[in-house]
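Engineer: Structure: data-v6.cif, mmCIF, C-alpha atoms and all ligand atoms.
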data_target
#
loop_
_atom_site.label_atom_id
_atom_site.label_comp_id
_atom_site.auth_asym_id
_atom_site.auth_seq_id
_atom_site.Cartn_x
_atom_site.Cartn_y
_atom_site.Cartn_z
CA MET A 750 99.59 95.96 81.75
CA ILE A 751 101.18 99.31 81.64
CA ALA A 752 101.25 99.78 77.87
CA ARG A 753 97.53 99.25 77.39
CA LEU A 754 96.80 102.63 78.75
CA ARG A 755 95.04 103.94 75.72
CA LEU A 756 91.38 104.85 75.84
CA ALA A 757 90.99 103.68 72.30
CA ARG A 758 92.94 100.54 71.51
CA GLN A 759 95.92 101.16 69.26
CA PRO A 760 97.14 98.67 66.67
CA GLN A 761 99.92 96.52 68.10
CA VAL A 762 103.41 97.18 66.85
CA THR A 763 104.80 94.23 64.94
CA PHE A 764 108.43 93.67 64.18
CA PRO A 765 109.70 92.80 60.74
CA PRO A 766 111.54 89.46 60.88
CA GLY A 767 115.02 90.96 61.06
CA ASN A 768 118.18 88.96 61.73
CA ALA A 769 117.75 89.12 65.49
CA GLU A 770 114.20 87.83 65.31
CA LYS A 771 115.20 85.06 62.91
CA LYS A 772 117.85 84.09 65.46
CA TRP A 773 115.14 84.05 68.13
CA MET A 774 112.90 81.87 65.95
CA ASN A 775 115.83 79.51 65.36
CA ARG A 776 116.29 79.26 69.11
CA ARG A 777 112.60 78.48 69.61
CA LEU A 778 112.94 75.79 66.97
CA SER A 779 116.07 74.44 68.70
CA ALA A 780 114.14 74.41 71.98
CA LEU A 781 111.36 72.37 70.38
CA ILE A 782 113.78 69.89 68.83
CA PHE A 783 115.59 69.72 72.12
CA ALA A 784 112.38 69.04 74.06
CA PHE A 785 111.48 66.26 71.64
CA LEU A 786 114.91 64.61 71.69
CA PHE A 787 115.21 65.01 75.44
CA SER A 788 111.86 63.37 76.14
CA ALA A 789 112.60 60.56 73.67
CA LEU A 790 115.96 59.94 75.29
CA ALA A 791 114.56 60.08 78.81
CA THR A 792 111.84 57.59 77.89
CA SER A 793 114.15 55.16 76.12
CA SER A 794 116.86 55.11 78.77
CA GLY A 795 114.53 55.46 81.76
CA SER A 796 116.61 58.41 82.97
CA ALA A 797 116.28 62.18 82.55
CA GLU A 798 120.06 62.44 82.14
CA PRO A 799 121.26 62.01 78.55
CA LYS A 800 124.09 59.50 78.34
CA CYS A 801 125.51 60.62 75.04
CA PRO A 802 128.28 63.20 75.72
CA SER A 803 127.69 65.21 72.56
CA LEU A 804 123.95 65.44 73.23
CA ARG A 805 124.76 66.38 76.82
CA ARG A 806 126.96 69.24 75.61
CA TRP A 807 124.23 70.32 73.22
CA LEU A 808 121.63 70.15 76.01
CA ILE A 809 123.71 72.42 78.22
CA ALA A 810 124.04 74.89 75.34
CA ALA A 811 120.30 74.74 74.62
CA THR A 812 119.34 75.44 78.22
CA LYS A 813 121.90 78.22 78.67
CA ASN A 814 119.09 80.79 78.57
CA LEU A 815 116.89 79.06 81.11
CA LYS A 816 118.07 79.46 84.68
CA ASN A 817 116.55 79.01 88.09
CA GLN A 818 117.60 81.72 90.47
CA HIS A 819 116.47 83.97 93.28
CA LEU A 820 115.76 87.67 93.38
CA ASP A 821 115.56 89.22 96.83
CA GLY A 822 114.39 85.91 98.25
CA ILE A 823 111.77 85.33 95.51
CA PRO A 824 112.40 82.16 93.50
CA ILE A 825 112.74 83.24 89.89
CA LYS A 826 112.45 81.19 86.80
CA LEU A 827 114.13 83.33 84.23
CA VAL A 828 113.27 82.70 80.63
CA LYS A 829 115.27 84.78 78.22
CA GLU A 830 114.03 85.21 74.73
CA GLY A 831 116.36 86.90 72.30
CA ASP A 832 119.98 87.78 72.89
CA LEU A 833 119.99 89.98 75.96
CA LYS A 834 123.31 90.32 77.74
CA PRO A 835 123.48 89.55 81.50
CA ALA A 836 124.28 93.20 82.28
CA GLN A 837 121.13 94.35 80.43
CA MET A 838 119.07 91.76 82.32
CA ARG A 839 120.43 92.86 85.71
CA LYS A 840 119.59 96.46 84.90
CA MET A 841 116.01 95.55 84.02
CA PHE A 842 115.43 94.10 87.48
CA GLU A 843 117.03 96.87 89.53
CA PRO A 844 113.67 98.51 90.44
CA ILE A 845 112.36 95.21 91.79
CA SER A 846 115.27 95.02 94.21
CA LYS A 847 114.77 98.69 95.05
CA LEU A 848 111.08 98.14 95.82
CA ASN A 849 111.86 95.21 98.08
CA ARG A 850 114.48 97.22 99.95
CA THR A 851 111.93 99.94 100.83
CA GLY A 852 110.04 97.51 103.11
CA THR A 853 106.36 97.91 102.39
CA HIS A 854 104.56 95.60 104.86
CA LEU A 855 103.15 93.94 101.73
CA GLU A 856 103.55 90.36 100.57
CA LYS A 857 106.14 89.33 98.03
CA PRO A 858 105.09 86.96 95.24
CA GLU A 859 105.82 83.33 96.17
CA PHE A 860 107.67 82.93 92.86
CA LEU A 861 107.98 84.71 89.54
CA GLU A 862 108.43 83.48 86.04
CA ILE A 863 110.12 86.31 84.22
CA VAL A 864 110.02 86.17 80.46
CA ALA A 865 112.47 88.79 79.33
CA SER A 866 112.29 89.57 75.68
CA ARG A 867 113.90 92.07 73.38
CA PHE A 868 110.99 91.96 71.01
CA SER A 869 107.75 92.40 72.94
CA ASP A 870 106.32 95.92 73.09
CA ASP A 871 103.66 95.09 75.62
CA PRO A 872 104.71 94.16 79.15
CA GLU A 873 102.22 92.20 81.18
CA PHE A 874 101.74 90.28 84.40
CA THR A 875 99.63 87.14 84.34
CA PRO A 876 98.19 86.52 87.80
CA PHE A 877 98.03 83.07 89.43
CA VAL A 878 100.77 81.71 87.17
CA ASN A 879 102.89 84.73 88.19
CA ARG A 880 104.33 85.28 84.74
CA LEU A 881 105.92 88.65 84.21
CA ARG A 882 106.62 89.36 80.56
CA VAL A 883 108.90 92.30 80.03
CA PRO A 884 110.59 93.72 76.98
CA TYR A 885 114.08 95.17 77.15
CA ARG A 886 112.90 97.96 74.90
CA PHE A 887 109.31 98.83 74.09
CA LYS A 888 107.68 101.18 71.63
CA ASP A 889 105.14 103.87 72.46
CA PRO A 890 101.89 104.37 70.47
CA SER A 891 103.77 106.61 68.00
CA GLY A 892 106.24 103.79 67.29
CA GLN A 893 109.17 105.42 69.07
CA THR A 894 111.53 103.10 70.96
CA LYS A 895 111.82 103.98 74.64
CA SER A 896 114.94 103.99 76.81
CA PRO A 897 115.89 101.11 79.15
CA LYS A 898 115.07 103.46 82.05
CA SER A 899 111.44 103.50 80.86
CA THR A 900 111.45 99.71 80.85
CA GLN A 901 112.54 99.74 84.50
CA VAL A 902 109.50 101.84 85.41
CA MET A 903 107.27 99.44 83.50
CA ILE A 904 108.79 96.46 85.27
CA ALA A 905 108.16 98.19 88.58
CA HIS A 906 104.50 98.62 87.57
CA GLU A 907 104.14 94.96 86.54
CA TYR A 908 105.87 93.90 89.73
CA GLY A 909 103.31 96.06 91.56
CA HIS A 910 100.64 93.77 90.09
CA ALA A 911 102.53 90.73 91.42
CA VAL A 912 102.64 92.27 94.91
CA PHE A 913 98.94 93.16 94.60
CA TYR A 914 97.89 89.53 94.00
CA ALA A 915 100.32 88.17 96.63
CA THR A 916 98.87 90.55 99.23
CA LEU A 917 95.29 89.92 98.11
CA LYS A 918 95.86 86.22 98.81
CA LYS A 919 96.65 87.05 102.45
CA ARG A 920 94.22 89.92 103.11
CA HIS A 921 91.15 88.83 101.14
CA PRO A 922 91.64 85.06 100.79
CA THR A 923 88.05 84.19 99.78
CA PHE A 924 88.12 86.60 96.82
CA TYR A 925 91.59 85.41 95.77
CA LYS A 926 90.67 81.73 96.10
CA LYS A 927 87.52 82.04 93.98
CA MET A 928 89.33 84.00 91.28
CA SER A 929 92.32 81.68 91.23
CA GLU A 930 90.07 78.59 90.95
CA LEU A 931 88.21 80.08 88.00
CA HIS A 932 91.49 81.09 86.36
CA ALA A 933 92.81 77.53 86.79
CA LYS A 934 89.60 76.15 85.28
CA LEU A 935 90.00 78.44 82.26
CA ARG A 936 93.61 77.33 81.78
CA GLU A 937 92.56 73.70 81.99
CA ILE A 938 89.85 74.21 79.33
CA GLU A 939 92.39 76.01 77.15
CA GLN A 940 94.79 73.05 77.41
CA VAL A 941 92.05 70.54 76.60
CA THR A 942 90.96 72.64 73.60
CA SER A 943 94.45 72.97 72.17
CA GLY A 944 95.00 69.21 72.67
CA ILE A 945 91.82 68.45 70.72
CA GLU A 946 92.72 70.90 67.98
CA ALA A 947 96.20 69.40 67.62
CA ARG A 948 94.73 65.89 67.26
CA GLN A 949 92.23 67.19 64.69
CA ARG A 950 95.06 68.64 62.60
CA GLU A 951 96.88 65.32 62.86
CA ILE A 952 93.78 63.43 61.66
CA GLU A 953 93.28 65.84 58.75
CA LYS A 954 96.88 65.22 57.69
CA LEU A 955 96.46 61.44 58.01
CA LEU A 956 93.23 61.56 56.01
CA GLY A 957 95.04 63.42 53.24
CA GLU A 958 97.81 60.81 53.23
CA VAL A 959 95.35 57.88 53.08
CA GLU A 960 93.41 59.57 50.28
CA ALA A 961 96.57 60.21 48.29
CA SER A 962 97.82 56.63 48.62
CA ALA A 963 97.61 54.23 45.67
CA THR A 964 95.00 52.03 47.41
CA PRO A 965 93.06 54.26 49.84
CA SER A 966 91.58 52.21 52.70
CA LYS A 967 87.88 53.04 53.13
CA GLU A 968 87.93 51.44 56.57
CA LYS A 969 90.84 53.60 57.76
CA MET A 970 89.21 56.74 56.34
CA ASN A 971 85.92 55.99 58.14
CA GLU A 972 87.79 55.36 61.37
CA LEU A 973 89.59 58.71 61.11
CA ALA A 974 86.41 60.59 60.12
CA THR A 975 84.56 59.13 63.14
CA GLU A 976 87.33 60.22 65.50
CA HIS A 977 87.34 63.69 63.93
CA ALA A 978 83.56 64.02 64.42
CA LYS A 979 83.85 62.91 68.07
CA LEU A 980 86.56 65.49 68.64
CA ARG A 981 84.35 68.16 67.09
CA SER A 982 81.61 67.50 69.64
CA SER A 983 84.20 67.53 72.49
CA LEU A 984 85.36 70.89 71.17
CA ILE A 985 81.79 72.25 71.27
CA GLN A 986 81.43 71.00 74.86
CA ALA A 987 84.74 72.64 75.85
CA SER A 988 83.71 75.91 74.24
CA GLU A 989 80.39 75.88 76.17
CA LYS A 990 82.27 75.24 79.40
CA GLU A 991 84.66 78.06 78.56
CA LYS A 992 81.78 80.48 77.97
CA ILE A 993 80.19 79.63 81.34
CA THR A 994 83.52 79.92 83.21
CA HIS A 995 84.34 83.22 81.48
CA ALA A 996 80.93 84.59 82.49
CA GLU A 997 81.76 83.67 86.09
CA TYR A 998 85.37 84.95 86.00
CA GLY A 999 84.58 88.20 84.15
CA PRO A 1000 82.85 90.09 87.01
CA TYR A 1001 85.76 89.34 89.39
CA LYS A 1002 88.27 90.58 86.85
CA GLN A 1003 86.19 93.64 86.04
CA LEU A 1004 85.76 94.55 89.71
CA LEU A 1005 89.45 94.10 90.49
CA ALA A 1006 91.09 95.61 87.39
CA PRO A 1007 90.85 99.38 88.19
CA TYR A 1008 92.12 98.78 91.74
CA GLY A 1009 94.98 96.65 90.41
CA GLU A 1010 96.08 99.37 87.96
CA PHE A 1011 95.69 102.06 90.59
CA PHE A 1012 97.77 100.09 93.08
CA ALA A 1013 100.52 99.12 90.59
CA ASP A 1014 100.90 102.81 89.64
CA THR A 1015 100.94 103.80 93.33
CA VAL A 1016 103.78 101.33 93.98
CA VAL A 1017 105.83 102.97 91.20
CA VAL A 1018 105.11 106.52 92.39
CA GLN A 1019 106.04 105.60 95.96
CA ALA A 1020 109.19 103.74 94.90
CA TYR A 1021 110.44 106.65 92.79
CA ARG A 1022 108.87 109.39 94.98
CA ASP A 1023 107.72 111.04 91.77
CA PRO A 1024 103.98 111.61 91.09
CA SER A 1025 104.47 112.18 87.34
CA ILE A 1026 106.90 109.38 86.54
CA ILE A 1027 104.43 107.16 84.67
CA ARG A 1028 103.16 109.97 82.48
CA ARG A 1029 106.69 111.15 81.72
CA VAL A 1030 107.99 107.70 80.89
CA LEU A 1031 105.04 106.79 78.66
CA ASP A 1032 104.57 110.18 77.01
CA PHE A 1033 104.88 110.34 73.24
CA PRO A 1034 104.59 112.94 70.48
CA GLY A 1035 101.01 113.80 69.55
CA THR A 1036 98.21 116.27 70.12
CA LYS A 1037 96.90 116.81 73.61
CA ASN A 1038 93.40 115.68 72.64
CA ASP A 1039 94.67 112.24 71.65
CA PRO A 1040 92.69 109.73 73.80
CA SER A 1041 95.97 108.10 74.84
CA LYS A 1042 97.17 111.48 76.14
CA ILE A 1043 94.01 111.82 78.24
CA ALA A 1044 94.69 108.35 79.62
CA LEU A 1045 98.24 109.36 80.48
CA ARG A 1046 97.07 112.51 82.26
CA SER A 1047 94.86 110.40 84.50
CA ARG A 1048 97.92 108.39 85.55
CA ASP A 1049 99.82 111.51 86.60
CA PHE A 1050 99.30 111.67 90.37
CA SER A 1051 100.03 115.41 90.40
CA VAL A 1052 97.06 116.26 88.16
CA ARG A 1053 93.77 117.16 89.84
CA HIS A 1054 90.57 116.15 88.03
CA VAL A 1055 86.95 117.24 88.25
CA LEU A 1056 85.42 114.39 90.19
CA ASP A 1057 81.71 114.98 89.54
CA SER A 1058 82.02 114.71 85.77
CA TRP A 1059 84.57 111.86 85.81
CA ASP A 1060 83.22 109.14 83.52
CA TYR A 1061 86.24 107.23 82.17
CA GLU A 1062 85.71 103.51 82.58
CA GLU A 1063 88.94 102.05 81.19
CA PRO A 1064 90.66 100.26 84.14
CA HIS A 1065 93.96 102.24 83.87
CA VAL A 1066 92.06 105.52 83.84
CA LEU A 1067 89.00 104.95 86.03
CA LEU A 1068 90.64 105.82 89.35
CA GLY A 1069 92.42 108.96 88.06
CA PRO A 1070 90.97 111.33 90.70
CA SER A 1071 91.92 108.87 93.47
CA ARG A 1072 95.52 108.89 92.18
CA HIS A 1073 95.73 112.64 92.80
CA GLU A 1074 94.10 112.26 96.21
CA VAL A 1075 96.45 109.51 97.38
CA TRP A 1076 99.55 111.48 96.41
CA ASN A 1077 98.39 114.94 97.39
CA ARG A 1078 96.89 114.03 100.73
CA TYR A 1079 99.04 111.15 101.93
CA LEU A 1080 102.09 109.90 99.99
CA SER A 1081 103.58 113.37 99.40
CA GLN A 1082 103.66 114.14 103.13
CA PRO A 1083 107.34 114.26 104.16
CA GLU A 1084 106.68 112.34 107.39
CA LEU A 1085 105.32 109.39 105.36
CA ALA A 1086 108.07 109.39 102.72
CA ASN A 1087 110.32 106.69 104.17
CA ARG A 1088 107.79 104.73 106.18
CA PRO A 1089 106.66 101.26 105.19
CA GLU A 1090 102.99 101.81 106.15
CA PRO A 1091 101.52 103.98 103.33
CA LEU A 1092 101.35 101.32 100.59
CA SER A 1093 99.93 98.84 103.05
CA ARG A 1094 97.20 101.31 104.03
CA VAL A 1095 96.37 101.98 100.38
CA PHE A 1096 96.03 98.23 99.94
CA ASP A 1097 93.75 97.93 102.98
CA ALA A 1098 91.53 100.71 101.60
CA ILE A 1099 91.15 98.66 98.39
CA VAL A 1100 90.35 95.50 100.33
CA SER A 1101 87.69 97.32 102.37
CA GLU A 1102 86.11 98.43 99.08
CA LEU A 1103 86.26 94.91 97.60
CA LYS A 1104 84.61 93.54 100.72
CA ALA A 1105 81.92 96.23 100.71
CA ARG A 1106 81.03 95.78 97.06
CA ASP A 1107 78.94 92.82 96.01
CA ILE A 1108 80.17 91.01 92.90
CA THR A 1109 76.62 90.84 91.50
CA ALA A 1110 75.57 94.39 92.47
CA PRO A 1111 74.81 96.84 89.64
CA PRO A 1112 77.95 98.71 88.56
CA LEU A 1113 78.68 102.08 90.16
CA SER A 1114 79.64 105.17 88.20
CA PRO A 1115 83.39 106.00 87.90
CA ALA A 1116 82.81 109.19 89.96
CA GLU A 1117 81.13 107.17 92.71
CA LEU A 1118 83.89 104.54 92.71
CA ASN A 1119 86.48 107.30 93.19
CA ARG A 1120 84.47 108.94 95.94
CA ARG A 1121 84.16 105.63 97.81
CA LEU A 1122 87.87 104.82 97.48
CA MET A 1123 88.83 108.28 98.72
CA LYS A 1124 86.63 107.74 101.79
CA ALA A 1125 88.20 104.31 102.39
CA LEU A 1126 91.68 105.88 102.10
CA GLU A 1127 90.69 108.54 104.62
CA ASN A 1128 89.56 105.83 107.07
CA GLU A 1129 92.85 103.95 106.68
CA PHE A 1130 95.12 106.99 107.03
CA GLU A 1131 93.17 108.30 110.04
CA ARG A 1132 94.60 105.49 112.14
CA PRO A 1133 97.80 106.46 113.96
CA LEU A 1134 101.00 105.05 112.44
ZN ZN A 1201 99.00 97.28 84.78
#
What's the structure tokens form of this structure?
Structural biologist:
Amino acid sequence: MIARLRLARQPQVTFPPGNAEKKWMNRRLSALIFAFLFSALATSSGSAEPKCPSLRRWLIAATKNLKNQHLDGIPIKLVKEGDLKPAQMRKMFEPISKLNRTGTHLEKPEFLEIVASRFSDDPEFTPFVNRLRVPYRFKDPSGQTKSPKSTQVMIAHEYGHAVFYATLKKRHPTFYKKMSELHAKLREIEQVTSGIEARQREIEKLLGEVEASATPSKEKMNELATEHAKLRSSLIQASEKEKITHAEYGPYKQLLAPYGEFFADTVVVQAYRDPSIIRRVLDFPGTKNDPSKIALRSRDFSVRHVLDSWDYEEPHVLLGPSRHEVWNRYLSQPELANRPEPLSRVFDAIVSELKARDITAPPLSPAELNRRLMKALENEFERPL
């Protein structure tokens, strides 16, 4: 995530339910009704194609915002939330096309699900399911709405995460496989849990109805109460399983996160050939001692930091000194400007670090992590192009 760059977590901006949001909620409601009617129709007729012409027309209208398309050869499932116009959507994805045109020797994501929303202030990429959630406009920590150009930079950063995972799959398959299996397990537990919770709510409602009836059936109430109790123990089991899986997944995520943020920022800086672009785009009014400002400074590749005393652990900030090193020593060199190799070498330096570090080893200090990455970068860039 690019917006979660603050050292201290800021309260999330919420939108008052204005007309546009109400419209969005109506659409979500329509989508739900549509899904229900569609599945009922498909089941009753044995076909996924509605026979009724008016329902068919309505179905086409309801799915107008959901299209399957391609973007530079990447299959895209585009989910629009809100009322974005096609021209605004195209503009949002320009940097992705630009990045792909540069030729980076890196892997493209196998597919992307892009959820484009007018209302979210927090863009994010969800690995393994390849979901890229991007707002058309987002707000900075001071509540100011940013320009669409800023959104483009944020999309480029999130797309950098997508490239990071796609390339990790090829260059460090064992790490990727383990992490993706654990992630899938967590998703599965989440689905089971929400299924149980939904059934519990249903039972509670039924119990209320039986109780309120003129002749409440004791037998029915006992039956429902027994099912509810059984579900409660299944829920406890699922929560235990979730805790264990989280404990296993956590160290992988923790190890990878600073490298992922470092790489996603490097992709943006290389694509725009501008070491300060992230800081400039995300800057906001406030005092220079604001923790968020310190975080932003660490993402400015033109700023040199004192390595020995570097002790910021937040993933966006941790590799601040390495950001300066990678720009100052390598990416800014004119002979490397238009070559596809630099980003690939940066990635290989990260992989060599991931391979050298044991997942269960005691954590290293932020200064040491930077020192090690700088050395790995030096090894990679020493090789002739
Ligand atoms: Zn990020």
Engineer: Which polymer residues have any atom within 7 Å of an atom of segment 1053-1066 of chain A, counting all atoms listed in the file, with same-chain residues fewer than 5 positions away left out, as a list in words?
Structural biologist: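 The contact residues come out as Leu754, Leu756, Ala1006, Pro1007, Glu1010, Phe1011, Ala1044, Ser1047, Arg1048, His1073, Pro1115 and Ala1116 of chain A.
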Engineer: Residues of the last selection are to be written out with C-alpha atoms, as a PDB file, in the coordinates of the input.
Structural biologist:
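New file selection.pdb:
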ATOM      1  CA  LEU A 754      96.800 102.630  78.750  1.00  0.00           C
ATOM      2  CA  LEU A 756      91.380 104.850  75.840  1.00  0.00           C
ATOM      3  CA  ALA A1006      91.090  95.610  87.390  1.00  0.00           C
ATOM      4  CA  PRO A1007      90.850  99.380  88.190  1.00  0.00           C
ATOM      5  CA  GLU A1010      96.080  99.370  87.960  1.00  0.00           C
ATOM      6  CA  PHE A1011      95.690 102.060  90.590  1.00  0.00           C
ATOM      7  CA  ALA A1044      94.690 108.350  79.620  1.00  0.00           C
ATOM      8  CA  SER A1047      94.860 110.400  84.500  1.00  0.00           C
ATOM      9  CA  ARG A1048      97.920 108.390  85.550  1.00  0.00           C
ATOM     10  CA  HIS A1073      95.730 112.640  92.800  1.00  0.00           C
ATOM     11  CA  PRO A1115      83.390 106.000  87.900  1.00  0.00           C
ATOM     12  CA  ALA A1116      82.810 109.190  89.960  1.00  0.00           C
TER      13      ALA A1116
END
Engineer: What does the distance between atom CA of Ser1114 of chain A and atom CA of Ile1043 of chain A come to in Å, to one decimal place?
Structural biologist: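 Result for atom CA of Ser1114 of chain A versus atom CA of Ile1043 of chain A: 18.7 Å, one decimal.
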Engineer: Could you make a table, as a tab-separated table, of the residues of chain A that have an atom within 12 Å of an atom of ligand ZN 1201 (chain A), each with its nearest atom pair and distance in Å to one decimal, counting only C-alpha atoms and all ligand atoms, in chain and number order?
Structural biologist:
residue	atom	partner	partner_atom	distance
A:Met750	CA	A:ZN1201	ZN	3.4
A:Ile751	CA	A:ZN1201	ZN	4.3
A:Ala752	CA	A:ZN1201	ZN	7.7
A:Arg753	CA	A:ZN1201	ZN	7.8
A:Leu754	CA	A:ZN1201	ZN	8.4
A:Arg755	CA	A:ZN1201	ZN	11.9
A:Asp871	CA	A:ZN1201	ZN	10.5
A:Pro872	CA	A:ZN1201	ZN	8.6
A:Glu873	CA	A:ZN1201	ZN	7.0
A:Phe874	CA	A:ZN1201	ZN	7.5
A:Thr875	CA	A:ZN1201	ZN	10.2
A:Pro876	CA	A:ZN1201	ZN	11.2
A:Leu881	CA	A:ZN1201	ZN	11.1
A:Arg882	CA	A:ZN1201	ZN	11.8
A:Val902	CA	A:ZN1201	ZN	11.5
A:Met903	CA	A:ZN1201	ZN	8.6
A:Ile904	CA	A:ZN1201	ZN	9.8
A:Ala905	CA	A:ZN1201	ZN	10.0
A:His906	CA	A:ZN1201	ZN	6.3
A:Glu907	CA	A:ZN1201	ZN	5.9
A:Tyr908	CA	A:ZN1201	ZN	9.1
A:Gly909	CA	A:ZN1201	ZN	8.1
A:His910	CA	A:ZN1201	ZN	6.6
A:Ala911	CA	A:ZN1201	ZN	10.0
A:Val912	CA	A:ZN1201	ZN	11.9
A:Phe913	CA	A:ZN1201	ZN	10.6
A:Leu1005	CA	A:ZN1201	ZN	11.6
A:Ala1006	CA	A:ZN1201	ZN	8.5
A:Pro1007	CA	A:ZN1201	ZN	9.1
A:Tyr1008	CA	A:ZN1201	ZN	9.9
A:Gly1009	CA	A:ZN1201	ZN	6.9
A:Glu1010	CA	A:ZN1201	ZN	4.8
A:Phe1011	CA	A:ZN1201	ZN	8.2
A:Phe1012	CA	A:ZN1201	ZN	8.8
A:Ala1013	CA	A:ZN1201	ZN	6.3
A:Asp1014	CA	A:ZN1201	ZN	7.6
A:Thr1015	CA	A:ZN1201	ZN	10.9
A:Val1016	CA	A:ZN1201	ZN	11.1
A:Val1017	CA	A:ZN1201	ZN	11.0
A:Ile1027	CA	A:ZN1201	ZN	11.3
A:Arg1048	CA	A:ZN1201	ZN	11.2
A:Glu1063	CA	A:ZN1201	ZN	11.7
A:Pro1064	CA	A:ZN1201	ZN	8.9
A:His1065	CA	A:ZN1201	ZN	7.1
A:Val1066	CA	A:ZN1201	ZN	10.8
Engineer: Given only C-alpha atoms as the basis, pick out the residue of A:Asn1087, A:Ser899, A:Asn1077, A:Leu1004 nearest to Glu1102 of chain A.
Structural biologist: A:Leu1004
Engineer: To one decimal place, how far is atom CA of Phe1033 of chain A from atom CA of Asp889 of chain A in Å?
Structural biologist: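 These atoms are spaced 6.5 Å apart.
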Engineer: I'd like the interatomic distance between atom CA of Arg1028 of chain A and atom CA of Glu1090 of chain A, to a tenth of an Å.
Structural biologist: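 Taking atom CA of Arg1028 of chain A as the start and atom CA of Glu1090 of chain A as the end point, the length is 25.0 Å.
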